[in-house]
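Student: Compact mmCIF, C-alpha atoms, saved as my_file_0.txt, coming up:
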```txt
# COMPACT_ATOMS: atom_id res chain seq x y z
CA MET A 24 21.62 25.54 0.24
CA LEU A 25 19.84 26.19 3.53
CA SER A 26 20.63 23.82 6.37
CA LEU A 27 17.90 21.53 7.62
CA HIS A 28 17.52 23.58 10.80
CA ALA A 29 17.12 26.77 8.76
CA ARG A 30 14.12 25.28 6.95
CA ILE A 31 12.23 24.61 10.21
CA ARG A 32 9.91 27.29 11.64
CA ASP A 33 8.54 25.43 14.66
CA PRO A 34 11.31 25.32 17.29
CA ARG A 35 9.76 22.17 18.79
CA LEU A 36 10.91 20.30 15.67
CA LEU A 37 14.59 21.18 16.11
CA PRO A 38 15.36 18.24 18.45
CA LEU A 39 13.71 15.95 15.88
CA ALA A 40 15.91 17.43 13.18
CA ASP A 41 18.93 16.64 15.34
CA LYS A 42 17.75 13.02 15.56
CA VAL A 43 17.20 12.86 11.81
CA LEU A 44 20.69 14.14 11.07
CA ALA A 45 22.18 11.69 13.59
CA GLY A 46 20.19 8.76 12.19
CA GLU A 47 18.37 8.26 15.49
CA ARG A 48 14.92 6.71 15.77
CA LEU A 49 11.92 8.93 16.46
CA SER A 50 9.58 8.11 19.37
CA PHE A 51 5.81 7.91 19.79
CA ASP A 52 5.76 11.43 21.21
CA ASP A 53 7.87 12.64 18.30
CA GLY A 54 5.26 11.17 15.98
CA LEU A 55 2.48 13.06 17.77
CA LEU A 56 4.42 16.29 17.32
CA LEU A 57 4.85 15.62 13.59
CA TYR A 58 1.06 15.53 13.34
CA ALA A 59 0.44 18.47 15.69
CA THR A 60 2.81 21.04 14.24
CA ALA A 61 1.60 23.59 11.70
CA ASP A 62 5.09 23.58 10.18
CA LEU A 63 4.35 21.15 7.36
CA THR A 64 7.29 22.35 5.28
CA GLY A 65 9.59 21.68 8.24
CA VAL A 66 8.25 18.13 8.55
CA GLY A 67 8.65 17.75 4.80
CA ALA A 68 12.22 19.03 4.89
CA MET A 69 13.15 16.39 7.48
CA ALA A 70 11.45 13.65 5.48
CA HIS A 71 13.16 14.80 2.29
CA GLN A 72 16.50 14.69 4.10
CA VAL A 73 15.89 11.03 4.97
CA ARG A 74 14.69 10.27 1.44
CA LEU A 75 17.87 11.73 -0.07
CA GLN A 76 20.03 9.79 2.38
CA LYS A 77 18.34 6.52 1.44
CA HIS A 78 17.70 6.92 -2.29
CA GLY A 79 19.21 10.13 -3.58
CA ARG A 80 16.99 11.43 -6.39
CA ALA A 81 16.04 7.95 -7.63
CA THR A 82 12.28 7.50 -7.99
CA TYR A 83 10.72 4.19 -8.90
CA TYR A 84 7.68 3.06 -10.86
CA VAL A 85 6.46 -0.26 -12.26
CA LYS A 86 4.41 -1.32 -15.28
CA SER A 87 1.54 -2.85 -13.36
CA ARG A 88 -2.03 -4.03 -13.77
CA ARG A 89 -4.64 -3.97 -11.01
CA LEU A 90 -7.30 -6.64 -11.25
CA SER A 91 -9.85 -8.01 -8.80
CA TYR A 92 -10.75 -11.67 -9.26
CA THR A 93 -14.01 -11.25 -7.31
CA ASN A 94 -16.07 -8.49 -5.74
CA VAL A 95 -18.14 -10.90 -3.64
CA CYS A 96 -17.38 -10.23 0.02
CA TYR A 97 -18.89 -11.41 3.28
CA THR A 98 -16.90 -8.82 5.26
CA HIS A 99 -18.71 -5.61 6.13
CA CYS A 100 -16.26 -2.73 5.71
CA GLN A 101 -18.07 0.55 6.15
CA PHE A 102 -15.56 2.42 3.97
CA CYS A 103 -15.98 0.11 0.95
CA ALA A 104 -18.14 0.66 -2.13
CA PHE A 105 -16.62 -2.26 -4.04
CA GLN A 106 -18.11 -5.22 -2.18
CA ALA A 107 -21.11 -7.16 -3.46
CA LYS A 108 -23.03 -9.78 -1.51
CA PRO A 109 -23.82 -13.17 -3.06
CA GLY A 110 -26.84 -12.75 -5.33
CA ASP A 111 -26.13 -9.08 -6.06
CA PRO A 112 -26.41 -8.47 -9.84
CA ARG A 113 -22.99 -6.77 -9.67
CA ALA A 114 -21.34 -9.86 -8.19
CA TYR A 115 -18.65 -11.64 -10.17
CA ALA A 116 -15.84 -14.14 -9.82
CA LEU A 117 -13.31 -14.43 -12.64
CA SER A 118 -11.87 -17.70 -13.88
CA ALA A 119 -8.23 -18.13 -14.84
CA GLU A 120 -9.35 -18.03 -18.47
CA ASP A 121 -11.14 -14.70 -17.89
CA ILE A 122 -8.01 -13.16 -16.43
CA ILE A 123 -5.75 -14.52 -19.16
CA GLN A 124 -8.11 -13.10 -21.79
CA GLU A 125 -7.94 -9.73 -20.06
CA LEU A 126 -4.14 -9.77 -19.86
CA GLU A 127 -3.91 -10.57 -23.56
CA LYS A 128 -5.50 -7.22 -24.45
CA PRO A 129 -3.12 -4.75 -26.13
CA GLU A 130 -3.23 -2.25 -23.25
CA ASN A 131 -1.57 -4.85 -21.00
CA THR A 132 1.46 -5.33 -23.23
CA GLY A 133 4.63 -4.99 -21.19
CA VAL A 134 2.97 -5.41 -17.79
CA ARG A 135 5.51 -6.74 -15.30
CA GLU A 136 3.34 -6.98 -12.18
CA LEU A 137 -0.20 -8.29 -11.70
CA HIS A 138 -1.61 -6.89 -8.46
CA MET A 139 -4.77 -8.71 -7.33
CA THR A 140 -6.78 -7.93 -4.22
CA SER A 141 -10.46 -8.78 -3.97
CA GLY A 142 -13.38 -9.59 -1.74
CA HIS A 143 -13.85 -12.52 0.63
CA ASN A 144 -15.84 -14.94 -1.53
CA PRO A 145 -16.90 -18.11 0.35
CA LYS A 146 -17.01 -20.12 -2.89
CA LEU A 147 -13.30 -19.70 -3.66
CA LYS A 148 -10.95 -22.20 -2.05
CA ILE A 149 -7.35 -23.33 -2.44
CA ASP A 150 -7.99 -25.28 -5.66
CA TYR A 151 -9.29 -22.08 -7.30
CA PHE A 152 -6.08 -20.22 -6.47
CA GLU A 153 -3.78 -23.06 -7.47
CA ASP A 154 -5.54 -23.24 -10.84
CA LEU A 155 -5.53 -19.44 -11.19
CA PHE A 156 -1.86 -18.92 -10.37
CA GLY A 157 -0.64 -21.94 -12.33
CA LYS A 158 -2.45 -20.96 -15.51
CA ILE A 159 -1.44 -17.29 -15.33
CA LYS A 160 2.23 -18.16 -14.82
CA ALA A 161 2.13 -20.75 -17.61
CA ARG A 162 0.79 -18.15 -20.06
CA PHE A 163 2.71 -15.13 -18.72
CA PRO A 164 5.84 -16.40 -16.94
CA GLU A 165 7.36 -12.91 -16.99
CA ILE A 166 4.52 -11.34 -14.97
CA HIS A 167 5.10 -11.13 -11.21
CA LEU A 168 2.08 -12.30 -9.18
CA LYS A 169 1.36 -10.00 -6.24
CA VAL A 170 -1.84 -11.26 -4.61
CA PHE A 171 -3.74 -11.28 -1.28
CA THR A 172 -4.00 -8.85 1.56
CA MET A 173 -3.13 -10.49 4.86
CA ILE A 174 -6.83 -10.59 5.73
CA GLU A 175 -7.70 -12.26 2.42
CA MET A 176 -5.04 -14.86 2.96
CA ASP A 177 -6.28 -15.66 6.46
CA TYR A 178 -9.88 -15.92 5.21
CA TYR A 179 -9.19 -18.13 2.21
CA ALA A 180 -6.99 -20.44 4.27
CA ARG A 181 -9.77 -20.89 6.83
CA ILE A 182 -12.54 -21.61 4.33
CA SER A 183 -10.17 -24.04 2.56
CA GLY A 184 -9.76 -25.95 5.83
CA LEU A 185 -6.04 -25.22 5.92
CA SER A 186 -3.64 -23.48 8.22
CA THR A 187 -2.39 -20.18 6.81
CA ASP A 188 1.04 -21.78 6.69
CA ALA A 189 -0.16 -24.68 4.49
CA PHE A 190 -2.33 -22.40 2.32
CA LEU A 191 0.63 -20.12 1.71
CA ASP A 192 2.95 -23.00 0.81
CA ARG A 193 0.52 -24.25 -1.81
CA CYS A 194 -0.04 -20.78 -3.27
CA MET A 195 3.70 -20.14 -3.49
CA ALA A 196 4.22 -23.48 -5.20
CA ALA A 197 1.55 -22.47 -7.74
CA GLY A 198 3.18 -19.12 -8.53
CA LEU A 199 2.45 -16.54 -5.79
CA GLU A 200 5.50 -14.24 -5.54
CA SER A 201 4.61 -11.39 -3.18
CA CYS A 202 1.70 -9.74 -1.37
CA PRO A 203 0.36 -6.18 -1.39
CA GLY A 204 -0.18 -4.31 1.84
CA GLY A 205 -3.91 -3.67 1.98
CA GLY A 206 -6.36 -4.76 4.65
CA ALA A 207 -4.37 -3.20 7.48
CA GLU A 208 -6.75 -0.23 7.60
CA ILE A 209 -6.02 1.11 11.10
CA PHE A 210 -4.77 -1.25 13.79
CA ASP A 211 -6.61 0.23 16.78
CA GLU A 212 -9.09 -2.47 17.75
CA ALA A 213 -11.90 -0.11 18.79
CA LEU A 214 -11.70 1.71 15.48
CA ARG A 215 -11.71 -1.54 13.52
CA GLU A 216 -15.03 -2.36 15.13
CA GLN A 217 -16.39 0.85 13.67
CA ILE A 218 -14.93 0.78 10.16
CA CYS A 219 -14.47 -2.88 9.19
CA ILE A 220 -16.87 -5.13 11.07
CA GLY A 221 -16.18 -8.77 10.31
CA LYS A 222 -12.47 -8.46 9.70
CA LYS A 223 -10.12 -10.26 12.01
CA ASP A 224 -8.36 -8.19 14.62
CA ALA A 225 -5.15 -6.32 13.89
CA GLN A 226 -2.94 -9.06 15.30
CA VAL A 227 -4.11 -11.47 12.59
CA TRP A 228 -2.88 -9.01 9.95
CA LEU A 229 0.47 -8.62 11.72
CA ASP A 230 0.91 -12.35 12.38
CA THR A 231 0.11 -13.23 8.76
CA ALA A 232 2.59 -10.65 7.50
CA ALA A 233 5.22 -12.10 9.84
CA LEU A 234 4.51 -15.57 8.44
CA CYS A 235 5.00 -14.29 4.89
CA HIS A 236 8.31 -12.75 5.90
CA ARG A 237 9.50 -16.00 7.49
CA LYS A 238 8.74 -17.81 4.25
CA GLY A 239 10.72 -15.28 2.23
CA LEU A 240 7.59 -13.80 0.62
CA PRO A 241 7.97 -10.02 0.33
CA THR A 242 5.02 -7.85 1.32
CA ASN A 243 4.05 -4.21 1.45
CA CYS A 244 2.13 -2.44 4.22
CA THR A 245 -0.46 0.32 4.36
CA MET A 246 -2.59 2.53 6.58
CA LEU A 247 -6.02 3.96 5.78
CA TYR A 248 -6.17 7.55 7.02
CA GLY A 249 -8.53 10.51 6.83
CA HIS A 250 -11.68 8.90 8.25
CA ILE A 251 -12.55 8.82 11.98
CA GLU A 252 -9.08 8.08 13.33
CA GLU A 253 -6.94 10.52 15.32
CA ALA A 254 -3.22 11.24 15.35
CA HIS A 255 -2.43 8.82 18.18
CA HIS A 256 -4.12 6.00 16.23
CA ARG A 257 -1.90 6.72 13.22
CA VAL A 258 1.30 6.82 15.25
CA ASP A 259 0.35 3.57 16.99
CA HIS A 260 -0.30 1.95 13.60
CA LEU A 261 3.01 3.07 12.11
CA LEU A 262 5.01 1.96 15.14
CA ARG A 263 3.37 -1.49 15.10
CA LEU A 264 4.55 -1.82 11.49
CA ARG A 265 8.01 -0.65 12.50
CA ALA A 266 8.17 -3.16 15.35
CA LEU A 267 7.23 -6.04 13.07
CA GLN A 268 9.85 -4.96 10.56
CA ASP A 269 12.42 -4.93 13.38
CA GLN A 270 11.47 -8.53 14.19
CA SER A 271 11.69 -9.63 10.56
CA HIS A 272 15.07 -7.97 10.08
CA ALA A 273 16.41 -9.45 13.32
CA ALA A 274 15.49 -12.90 12.00
CA GLY A 275 17.26 -12.22 8.69
CA PHE A 276 14.19 -11.59 6.50
CA ALA A 277 13.61 -8.69 4.11
CA GLY A 278 10.09 -8.10 5.41
CA PHE A 279 8.18 -5.09 4.14
CA LEU A 280 9.43 -3.60 0.88
CA ALA A 281 7.28 -0.49 0.86
CA TYR A 282 4.69 1.44 2.84
CA ILE A 283 1.70 3.07 1.14
CA PRO A 284 -0.48 5.65 2.94
CA LEU A 285 -4.04 5.23 1.63
CA ALA A 286 -6.33 8.25 1.70
CA TYR A 287 -9.94 7.44 2.63
CA GLN A 288 -12.35 8.06 -0.25
CA ASN A 289 -15.54 9.59 1.12
CA GLU A 290 -18.20 8.77 -1.47
CA GLU A 291 -20.65 5.89 -1.94
CA ASN A 292 -19.90 4.13 1.35
CA GLU A 293 -21.57 3.67 4.70
CA LEU A 294 -18.89 5.36 6.79
CA SER A 295 -19.31 8.69 5.04
CA ALA A 296 -23.08 8.38 5.33
CA THR A 297 -22.95 8.02 9.12
CA HIS A 298 -20.09 10.44 9.92
CA VAL A 299 -19.16 13.89 8.67
CA ILE A 300 -15.88 13.12 6.90
CA HIS A 301 -14.33 15.60 4.51
CA GLU A 302 -12.15 14.66 1.57
CA THR A 303 -8.50 14.61 2.58
CA THR A 304 -6.60 17.79 1.82
CA GLY A 305 -3.23 18.22 0.18
CA THR A 306 -1.78 19.14 3.56
CA GLN A 307 -3.03 15.89 5.09
CA ASP A 308 -1.80 13.78 2.20
CA LEU A 309 1.70 15.28 2.14
CA ARG A 310 1.97 15.05 5.93
CA GLU A 311 1.14 11.33 5.86
CA ILE A 312 3.91 10.67 3.36
CA ALA A 313 6.41 12.71 5.36
CA VAL A 314 5.50 11.26 8.76
CA ALA A 315 5.78 7.74 7.35
CA ARG A 316 9.25 8.42 5.99
CA LEU A 317 10.37 9.75 9.35
CA LEU A 318 8.85 7.06 11.60
CA LEU A 319 9.35 4.01 9.35
CA ASP A 320 13.12 4.16 9.34
CA ASN A 321 13.44 0.42 8.65
CA ILE A 322 11.08 0.18 5.65
CA PRO A 323 13.02 0.99 2.48
CA HIS A 324 10.41 2.61 0.26
CA ILE A 325 7.52 5.02 0.75
CA LYS A 326 4.94 5.34 -2.04
CA ALA A 327 3.00 8.39 -3.11
CA TYR A 328 -0.08 6.56 -4.35
CA TRP A 329 -1.38 8.79 -7.13
CA VAL A 330 -4.62 6.79 -7.47
CA MET A 331 -5.93 8.12 -4.15
CA ILE A 332 -4.34 11.57 -3.92
CA SER A 333 -4.07 12.57 -7.64
CA PRO A 334 -1.00 12.46 -9.89
CA GLY A 335 -0.10 16.09 -9.20
CA LEU A 336 -0.10 15.75 -5.43
CA ALA A 337 1.79 12.45 -5.65
CA GLN A 338 4.40 14.31 -7.68
CA ALA A 339 4.73 16.85 -4.85
CA GLY A 340 5.02 13.92 -2.43
CA LEU A 341 8.37 13.06 -3.98
CA SER A 342 9.76 16.10 -2.12
CA TYR A 343 8.05 15.02 1.12
CA GLY A 344 9.73 11.66 1.58
CA ALA A 345 8.29 9.41 -1.14
CA ASP A 346 10.62 7.62 -3.54
CA ASP A 347 8.05 5.51 -5.43
CA LEU A 348 5.17 6.67 -7.64
CA ASP A 349 3.62 3.18 -7.78
CA GLY A 350 2.79 2.20 -11.35
CA THR A 351 0.72 2.35 -14.49
CA VAL A 352 -2.14 0.44 -12.74
CA ILE A 353 -4.24 0.46 -15.98
CA ALA A 354 -7.65 -0.25 -14.43
CA GLU A 355 -8.09 0.46 -10.71
CA GLU A 356 -11.59 -0.30 -9.37
CA ILE A 357 -11.74 -0.28 -5.59
CA ALA A 358 -10.76 3.32 -4.82
CA HIS A 359 -12.71 4.69 -7.78
CA LEU A 360 -15.95 3.06 -6.70
CA ALA A 361 -15.51 4.90 -3.39
CA GLY A 362 -15.03 8.25 -5.11
CA ALA A 363 -11.39 8.55 -6.25
CA LYS A 364 -11.21 11.28 -8.90
CA SER A 365 -7.85 10.34 -10.40
CA PRO A 366 -7.52 8.49 -13.71
CA GLN A 367 -7.88 4.71 -13.50
CA GLY A 368 -4.44 4.29 -15.05
CA LEU A 369 -1.43 6.31 -16.18
CA PRO A 370 0.76 5.57 -19.21
CA GLN A 371 4.45 5.01 -18.54
CA ARG A 372 5.33 8.24 -20.31
CA ASP A 373 3.16 10.22 -17.89
CA LEU A 374 4.76 8.62 -14.83
CA VAL A 375 8.22 9.40 -16.20
CA ARG A 376 7.18 12.98 -16.96
CA LEU A 377 5.79 13.50 -13.46
CA ILE A 378 9.00 12.24 -11.91
CA GLU A 379 11.39 14.14 -14.15
CA GLU A 380 9.45 17.42 -13.98
CA ALA A 381 9.82 17.26 -10.21
CA GLY A 382 13.58 17.02 -10.57
CA PHE A 383 14.03 13.31 -9.87
CA GLN A 384 15.40 10.33 -11.80
CA ALA A 385 12.73 7.96 -13.12
CA LEU A 386 13.66 4.30 -12.76
CA GLU A 387 11.48 1.43 -13.94
CA ARG A 388 11.59 -1.36 -11.36
CA ASP A 389 10.31 -4.85 -10.77
CA ASN A 390 8.43 -5.78 -7.61
CA LEU A 391 11.69 -6.34 -5.71
CA TYR A 392 13.07 -2.94 -6.76
CA ASN A 393 15.49 -4.32 -9.28
CA VAL A 394 15.89 -1.62 -11.93
CA TYR A 395 15.34 -2.34 -15.63
CA THR A 396 17.94 -0.76 -17.87
CA PRO A 397 16.98 0.21 -21.44
CA ALA A 398 18.07 -2.33 -24.06
```
Show me this structure written as C-alpha cells.
Tutor:
Amino acid sequence: MLSLHARIRDPRLLPLADKVLAGERLSFDDGLLLYATADLTGVGAMAHQVRLQKHGRATYYVKSRRLSYTNVCYTHCQFCAFQAKPGDPRAYALSAEDIIQELEKPENTGVRELHMTSGHNPKLKIDYFEDLFGKIKARFPEIHLKVFTMIEMDYYARISGLSTDAFLDRCMAAGLESCPGGGAEIFDEALREQICIGKKDAQVWLDTAALCHRKGLPTNCTMLYGHIEEAHHRVDHLLRLRALQDQSHAAGFAGFLAYIPLAYQNEENELSATHVIHETTGTQDLREIAVARLLLDNIPHIKAYWVMISPGLAQAGLSYGADDLDGTVIAEEIAHLAGAKSPQGLPQRDLVRLIEEAGFQALERDNLYNVYTPA
C-alpha cells in the first residue's frame, strides 16, 4: 500500500500530511490550502487516513423519517423554496394526530428516528410542542425524537414568552431527545444578511447549541455551501464549530455528534434568481466532506448526505472522510423543493448495498451511534 505522502501530488500538502499522521490540529491557513489545492485526491487521502483511524471501515446509517410539522415561516431565507407565508394556499401545520396517522403507514414500519425541522410559524407555541411530543412518544415510545434547529428553538421560545432554557426543559420533559444541525447556514454575519434575512445572528445559533450541550441534549451541526460564500467563510464556519466543541468537551459534555455538509440547491429560490450560482460539482462535494474530516478533529462523525449530493456521490464520500450515510429518510421535502434530484427516500437494502459495494461495513445505528445487532 502506498504511504500517505506518496498519494499527495501537491508538495504544499506534505506538511499537512505530517500533522495528520502526528494527530496534530490543522490551522486556519491549512484550511485555506485544503480549498485552494487542485490535488483533491491528496486531500481525500488525508481525510480517509483520519476516517480509518477513528472508525476503521465502519459506516453507519439509521432507519429514519423526515417530517415537517409546518411550512409556515416568517423568516425570509433567500435559498429556501419550502417556506409559505400565512394565508398561502400551500401553508400547513400538522397536529399530533396528523403525524401519528402518518407514522402508522406501512412504509414507516421500523423507523427508529423521527427528524423534524420546519418553518417559523407564529401560531405554534410551547403547548403545541408539549402536546406533539407527548402524544408521539406515547404512541411510539421506541422512536427517537430529533427536532428543532437552533434557530427554530430560539424562535419558538421567544414567541412562547419563555427563555430558551425554560423552553428546552419543557420540551425535553415532553420527549425531545436530540436536535439536528440545520439553520447554521454560514456563520459570517455579512453573508447571513444576504442569504437568510430575518434569522438571528450566528452567535444565537452557537449559544443555543452550547445550551443544548450543557443540558446533555446531543446535537448535530451543518454548513450550507456552494452559494455565494468563499473559502475563507467556510474555514471560519468550521473552526467556530470546532471551538464550540472544544468548550463542550472541556466542560464534560458530548456536544456535537456529527457534522453534515449541505450542498446548496439552486432551483426555485430567490438566491439563484439574483445570483449566477451553478449546481455544486462532485469535486466540490467530495472536497467539503474531506475538509470537514480534517478540520473537525473533535467531532466524531462526518455524514455524506445523499439527499443533496446523490446516493452515488455520497458512496464515494465514504473514501473521502465520511463514516455515515445518514438514513432511509423516506420523504424529504425541503431540499427537493429547492431542486434536489435524488430520491426522496432510500430503502435500507439500498443503503447497505451502497456501503458494502464501496468496501465498508454497514452498521445500523440509533441516534447516539449505538449499533443494532441482528436478532
Student: Quote the spacing between atom CA of A:Lys86 and atom CA of A:Lys238 in Å to one decimal place.
Tutor: 25.9 Å
Student: Counting all atoms listed in the file, which residues of stretch 236-328 of chain A fall within 10 Å of stretch 223-231 of chain A, and what is the closest atom pair for each with its distance in Å at one decimal, ordered by chain and rising number, as CSV?
Tutor:
```
residue,atom,partner,partner_atom,distance
A:His236,CA,A:Thr231,CA,8.7
A:Arg237,CA,A:Thr231,CA,9.9
A:Cys244,CA,A:Leu229,CA,9.9
A:His260,CA,A:Ala225,CA,9.6
A:Arg263,CA,A:Leu229,CA,8.4
A:Leu264,CA,A:Leu229,CA,7.9
A:Leu267,CA,A:Leu229,CA,7.4
```
Student: Just give me the residues with any atom within 12 Å of (-6.5, -21.5, -10.1), file coordinates, counting only C-alpha atoms, written as a PyMOL selection string.
Tutor: chain A and resi 92+116-123+147-161+193-194+196-199
Student: Between A:Ile353, A:Val314, A:Ala59, A:Ala277, which is the closest to A:Glu125 once you count all atoms listed in the file?
Tutor: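 Closest residue, counting all atoms listed in the file: A:Ile353.
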Student: What does the distance from atom CA of A:Ser91 to atom CA of A:His143 come to in Å, to one decimal?
Tutor: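 Value for the atom CA of A:Ser91-atom CA of A:His143 distance: 11.2 Å.
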Student: May I have a table of the residues of stretch 195-255 of chain A lying at most 10 Å from stretch 133-140 of chain A, giving each one's closest pair of atoms and their distance in Å to one decimal, counting all atoms listed in the file, ordered by chain and ascending residue number, as CSV?
Tutor:
```
residue,atom,partner,partner_atom,distance
A:Ser201,CA,A:His138,CA,9.3
A:Cys202,CA,A:His138,CA,8.3
A:Pro203,CA,A:His138,CA,7.4
A:Gly204,CA,A:Thr140,CA,9.7
A:Gly205,CA,A:Thr140,CA,8.1
A:Gly206,CA,A:Thr140,CA,9.4
```
Student: If you count all atoms listed in the file, which residues fall within 7 Å of A:Thr245, apart from same-chain ones fewer than 6 positions away, as a list in words?
Tutor: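 That gives Gly204, Gly205, Ala207, Tyr282, Ile283, Pro284 and Leu285 of chain A.
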Student: Mind pulling up the distance from atom CA of A:His324 to atom CA of A:Phe190?
Tutor: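 Those two atoms sit 28.1 Å apart.
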Student: Taking only C-alpha atoms into account, which of A:Leu36, A:Ala286, A:Ala70, A:Leu191 comes nearest A:Leu234?
Tutor: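 Going through A:Leu36, A:Ala286, A:Ala70, A:Leu191 one by one, the smallest distance to A:Leu234 is for A:Leu191.
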Student: Set the distance at 9 Å and use all atoms listed in the file: which residues neighbour stretch 383-391 of chain A once local chain neighbours fewer than 6 positions away are removed? I'd like the list as a list in words.
Tutor: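 The residues that qualify are Gly79, Arg80, Ala81, Thr82, Tyr83, Tyr84, Val85, Lys86, Arg135, Glu136, His167, Lys169, Ser201, Pro241, Leu280, Leu341, Leu374, Val375, Arg376 and Leu377 of chain A.
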